[in-house]
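What follows is a set of notes on a single structure, which appears directly below.
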Amino acid sequence: MSKLETRRTFLKQTGLSLGGLALLGLTGCSQPAASSTAASSAASSEATATAAAAEATIPAHPYPSCEFDLDRVQELGYESFYQNGCCFAVSNALLTELKEKVGFPYTAIPAEMFVNGKAGYGAGTLCGSLGGAAAVIGLMCSPEDASAITKELFSWYTSTNLPIYQPEITAETPTIAKTVNCSDSVTTFMNAAGITEMSDPRRMARCGGVSADVARKTAELLNIHFGYMDAAPAENTAEEALADNEYIGEGEGFGGTIKVKVTMDGDKISKIEVLSHGETAGVSDPAFETIPDAIIKAQSTDVDLAAGASFSSQGIIDAVNDALSKVAK
């Protein structure tokens, strides 16, 4: 066996990183020459024992659950937003409860690793609050369950007037985000509220409230999933009032459900409006910019998919077909 392979085997067995070995080496170098060998040996033995003990107790994925205190998670989410943004806010709110009620391995996960998720990961893409939530869901649930819970969370986000939690500044115009993207969510609210600066206290309070809402909803979904609470009775959400010539349809895109409203003029398609979706900004733009117009021009859903956005394109087409299936023949 080569020295490199021996080293890798040692690292794998002890759980030590190269940084950990470097730290041990530096500690040894700081000792007097006469005691460096003994100190290094003792430190190495202690580190090996500690790593072995940790390896023996690290739970298999998914990690253990706990019952979340919904009110506390909500408050923590709001307060944490003002520390490091929305992604940190949600992850910190959930991880704080997990660290206190479960302990290890959650105590080894720094919430600071989620700070880079604010402002849609710096690119206006996925809302950081949802990113933080999805990460914690992924730690606690199997991939299949995590996918289902995340999809339910995203659906709630794009169909609910937010913010709900408003402890300081009340938003006069809570809004529904048509997508899960930060740029769409924030822009929709700012336009409705007549806000032009991201630094506006009303915008800050709104995003703090949304972070609190997402943290609470995530905790609720996880509590239900693990049997700590019962699911609330399904609410009869009132659909937008439709004219006799308007029809709602849904299709599945790459990021979830795409919902459209199709307006008919006699037997012709006169308008297609995308009401909500979970597609990624930028990548999916060609589909939303071209497919509705192409369908109207062709008076048919048999149109070419947008290059680079085939899943989103097909989702729009399927949604329009769903709406057209409801047109009285």
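By order of appearance in the structure tokens: chains A, B, ..., then residues from 1 within every chain, and ligands from 1 in the order shown.
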
Within 9 Å of stretch 126-133 of chain A, which residues of stretch 145-259 of chain A come that close, and what is the closest atom pair and distance in Å for each? Count only C-alpha atoms and give it as JSON lines.
{"residue": "A:Thr150", "atom": "CA", "partner": "A:Ala133", "partner_atom": "CA", "distance": 8.1}
{"residue": "A:Leu153", "atom": "CA", "partner": "A:Leu130", "partner_atom": "CA", "distance": 8.1}
{"residue": "A:Phe154", "atom": "CA", "partner": "A:Leu130", "partner_atom": "CA", "distance": 7.5}
{"residue": "A:Tyr157", "atom": "CA", "partner": "A:Leu130", "partner_atom": "CA", "distance": 8.7}
{"residue": "A:Thr179", "atom": "CA", "partner": "A:Leu126", "partner_atom": "CA", "distance": 8.9}
{"residue": "A:Val180", "atom": "CA", "partner": "A:Leu126", "partner_atom": "CA", "distance": 5.8}
{"residue": "A:Asn181", "atom": "CA", "partner": "A:Leu126", "partner_atom": "CA", "distance": 4.3}
{"residue": "A:Cys182", "atom": "CA", "partner": "A:Cys127", "partner_atom": "CA", "distance": 4.2}
{"residue": "A:Ser183", "atom": "CA", "partner": "A:Cys127", "partner_atom": "CA", "distance": 8.0}
{"residue": "A:Ser185", "atom": "CA", "partner": "A:Cys127", "partner_atom": "CA", "distance": 7.9}
{"residue": "A:Val210", "atom": "CA", "partner": "A:Ser129", "partner_atom": "CA", "distance": 7.8}
{"residue": "A:Ser211", "atom": "CA", "partner": "A:Ser129", "partner_atom": "CA", "distance": 5.5}
{"residue": "A:Ala212", "atom": "CA", "partner": "A:Ser129", "partner_atom": "CA", "distance": 8.8}
{"residue": "A:Val214", "atom": "CA", "partner": "A:Ser129", "partner_atom": "CA", "distance": 6.5}
{"residue": "A:Ala215", "atom": "CA", "partner": "A:Ala133", "partner_atom": "CA", "distance": 6.8}
{"residue": "A:Thr218", "atom": "CA", "partner": "A:Ala133", "partner_atom": "CA", "distance": 6.4}
{"residue": "A:Ala219", "atom": "CA", "partner": "A:Ala133", "partner_atom": "CA", "distance": 8.9}

Using DSSP secondary structure from the backbone, list all helix (DSSP H, G or I) positions within stretch 167-311 of chain A, as a VMD selection string. chain A and resid 182 to 193 201 to 225 285 to 298 310 to 311

How would the residues just chosen look if you wrote them out with C-alpha atoms as a short mmCIF file (atom, residue, chain, number, x, y, z; two decimals), in the first residue's frame?
data_model
loop_
_atom_site.label_atom_id
_atom_site.label_comp_id
_atom_site.auth_asym_id
_atom_site.auth_seq_id
_atom_site.Cartn_x
_atom_site.Cartn_y
_atom_site.Cartn_z
CA CYS A 182 -36.63 35.97 -4.95
CA SER A 183 -36.69 38.51 -7.78
CA ASP A 184 -40.33 37.78 -8.60
CA SER A 185 -41.47 37.61 -5.00
CA VAL A 186 -39.82 40.83 -3.86
CA THR A 187 -40.57 42.77 -7.05
CA THR A 188 -44.26 41.86 -6.89
CA PHE A 189 -44.46 43.20 -3.33
CA MET A 190 -42.40 46.34 -3.97
CA ASN A 191 -44.46 47.26 -7.03
CA ALA A 192 -47.71 46.78 -5.14
CA ALA A 193 -46.46 48.80 -2.17
CA PRO A 201 -37.81 49.44 6.25
CA ARG A 202 -41.12 48.21 4.85
CA ARG A 203 -39.34 45.89 2.42
CA MET A 204 -37.06 44.67 5.18
CA ALA A 205 -39.99 43.98 7.49
CA ARG A 206 -41.83 42.19 4.70
CA CYS A 207 -38.93 39.84 3.97
CA GLY A 208 -38.41 39.32 7.69
CA GLY A 209 -42.06 38.38 7.97
CA VAL A 210 -41.86 36.03 4.98
CA SER A 211 -38.82 34.35 6.55
CA ALA A 212 -40.82 33.86 9.75
CA ASP A 213 -43.78 32.51 7.77
CA VAL A 214 -41.62 30.03 5.83
CA ALA A 215 -39.88 28.87 9.01
CA ARG A 216 -43.21 28.28 10.73
CA LYS A 217 -44.78 26.53 7.73
CA THR A 218 -41.74 24.27 7.37
CA ALA A 219 -41.87 23.39 11.07
CA GLU A 220 -45.59 22.67 10.72
CA LEU A 221 -45.09 20.38 7.73
CA LEU A 222 -42.31 18.51 9.53
CA ASN A 223 -44.39 18.18 12.71
CA ILE A 224 -47.21 16.70 10.65
CA HIS A 225 -44.87 14.40 8.76
CA ASP A 285 -37.52 32.69 -19.31
CA PRO A 286 -37.52 31.64 -23.00
CA ALA A 287 -40.49 29.34 -22.35
CA PHE A 288 -42.62 32.00 -20.67
CA GLU A 289 -41.64 34.63 -23.22
CA THR A 290 -42.44 32.54 -26.31
CA ILE A 291 -44.78 29.61 -25.69
CA PRO A 292 -48.00 31.51 -24.78
CA ASP A 293 -47.62 33.81 -27.80
CA ALA A 294 -46.80 30.87 -30.07
CA ILE A 295 -49.94 29.02 -28.97
CA ILE A 296 -52.12 32.07 -29.56
CA LYS A 297 -50.57 32.67 -32.99
CA ALA A 298 -50.99 29.04 -34.03
CA SER A 310 -38.13 22.17 -22.74
CA PHE A 311 -39.56 21.08 -19.38
#

A:Gly315 surroundings by only C-alpha atoms, 10 Å radius, close-in-sequence under 6 positions cut, as a ChimeraX atom specification: /A:250-259,277,279,287,321

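Distances here use only C-alpha atoms; by that measure, the residue among A:Gly194, A:Gly117, A:Pro62, A:Gly282 closest to A:Glu144 is A:Pro62.
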
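Interatomic distance, atom CA of A:Val303 to atom CA of A:Ser159: 28.8 Å.
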
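Here atom CA of A:Asn116 stands at a distance of 24.3 Å from atom CA of A:Glu100.
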
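A straight line drawn from atom CA of A:Asp145 to atom CA of A:Gly122 is 28.3 Å long.
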
Which residues are close to stretch 110-115 of chain A, i.e. within 10 Å by only C-alpha atoms, leaving aside same-chain residues fewer than 4 positions away? Reply as a PyMOL selection string. chain A and resi 81+83-96+106+119+121+128-129+131-132+135

Using the chain letters and numbers from this document, which residues of stretch 86-290 of chain A does DSSP assign to strand (DSSP E), as a PyMOL selection string? chain A and resi 246-253+256-265+268-276

Restricted to N, CA and C atoms, what would the selected residues look like written as a CSV table (one decimal), in the first residue's frame?
chain,number,residue,atom,x,y,z
A,246,GLU,N,-63.2,32.3,-19.3
A,246,GLU,CA,-61.9,32.2,-18.7
A,246,GLU,C,-61.8,30.8,-18.1
A,247,TYR,N,-60.6,30.1,-18.2
A,247,TYR,CA,-60.4,28.8,-17.7
A,247,TYR,C,-59.1,28.6,-17.1
A,248,ILE,N,-59.0,27.9,-16.0
A,248,ILE,CA,-57.8,27.6,-15.3
A,248,ILE,C,-57.2,26.3,-15.7
A,249,GLY,N,-55.9,26.2,-15.9
A,249,GLY,CA,-55.3,24.9,-16.2
A,249,GLY,C,-54.0,24.7,-15.5
A,250,GLU,N,-53.6,23.5,-15.2
A,250,GLU,CA,-52.3,23.2,-14.6
A,250,GLU,C,-51.5,22.2,-15.3
A,251,GLY,N,-50.2,22.3,-15.3
A,251,GLY,CA,-49.3,21.4,-15.9
A,251,GLY,C,-48.0,21.3,-15.0
A,252,GLU,N,-47.2,20.3,-15.2
A,252,GLU,CA,-46.0,20.1,-14.4
A,252,GLU,C,-44.8,20.5,-15.2
A,253,GLY,N,-44.1,21.5,-14.6
A,253,GLY,CA,-42.8,21.9,-15.2
A,253,GLY,C,-41.6,21.3,-14.5
A,256,GLY,N,-42.1,22.2,-10.7
A,256,GLY,CA,-43.3,22.0,-10.0
A,256,GLY,C,-44.5,22.4,-10.9
A,257,THR,N,-45.6,22.7,-10.3
A,257,THR,CA,-46.9,23.0,-11.0
A,257,THR,C,-46.8,24.4,-11.6
A,258,ILE,N,-47.2,24.4,-12.9
A,258,ILE,CA,-47.4,25.7,-13.6
A,258,ILE,C,-48.9,25.9,-13.8
A,259,LYS,N,-49.4,27.0,-13.3
A,259,LYS,CA,-50.8,27.3,-13.4
A,259,LYS,C,-51.1,28.5,-14.4
A,260,VAL,N,-52.1,28.3,-15.3
A,260,VAL,CA,-52.4,29.4,-16.3
A,260,VAL,C,-53.8,29.7,-16.3
A,261,LYS,N,-54.1,30.8,-16.8
A,261,LYS,CA,-55.5,31.2,-17.1
A,261,LYS,C,-55.6,31.5,-18.6
A,262,VAL,N,-56.5,30.8,-19.3
A,262,VAL,CA,-56.7,30.9,-20.7
A,262,VAL,C,-58.1,31.7,-20.9
A,263,THR,N,-58.0,32.7,-21.8
A,263,THR,CA,-59.2,33.5,-22.1
A,263,THR,C,-59.6,33.1,-23.6
A,264,MET,N,-60.8,32.8,-23.8
A,264,MET,CA,-61.3,32.5,-25.1
A,264,MET,C,-62.1,33.6,-25.7
A,265,ASP,N,-62.1,33.8,-27.0
A,265,ASP,CA,-62.9,34.7,-27.7
A,265,ASP,C,-63.6,33.9,-28.7
A,268,LYS,N,-61.7,30.9,-30.3
A,268,LYS,CA,-60.3,31.2,-30.4
A,268,LYS,C,-59.6,31.5,-29.1
A,269,ILE,N,-58.3,31.2,-28.9
A,269,ILE,CA,-57.6,31.5,-27.7
A,269,ILE,C,-57.1,33.0,-27.9
A,270,SER,N,-57.6,33.9,-27.0
A,270,SER,CA,-57.2,35.3,-27.1
A,270,SER,C,-56.1,35.7,-26.1
A,271,LYS,N,-56.0,35.0,-25.0
A,271,LYS,CA,-55.0,35.4,-24.0
A,271,LYS,C,-54.6,34.2,-23.1
A,272,ILE,N,-53.3,34.1,-22.8
A,272,ILE,CA,-52.8,33.1,-21.9
A,272,ILE,C,-52.0,33.8,-20.8
A,273,GLU,N,-52.4,33.7,-19.6
A,273,GLU,CA,-51.7,34.3,-18.5
A,273,GLU,C,-51.2,33.3,-17.5
A,274,VAL,N,-49.9,33.3,-17.2
A,274,VAL,CA,-49.3,32.4,-16.3
A,274,VAL,C,-49.5,33.0,-14.9
A,275,LEU,N,-50.3,32.2,-14.0
A,275,LEU,CA,-50.6,32.7,-12.7
A,275,LEU,C,-49.6,32.3,-11.7
A,276,SER,N,-48.9,31.2,-11.8
A,276,SER,CA,-47.9,30.8,-10.8
A,276,SER,C,-47.1,29.7,-11.4
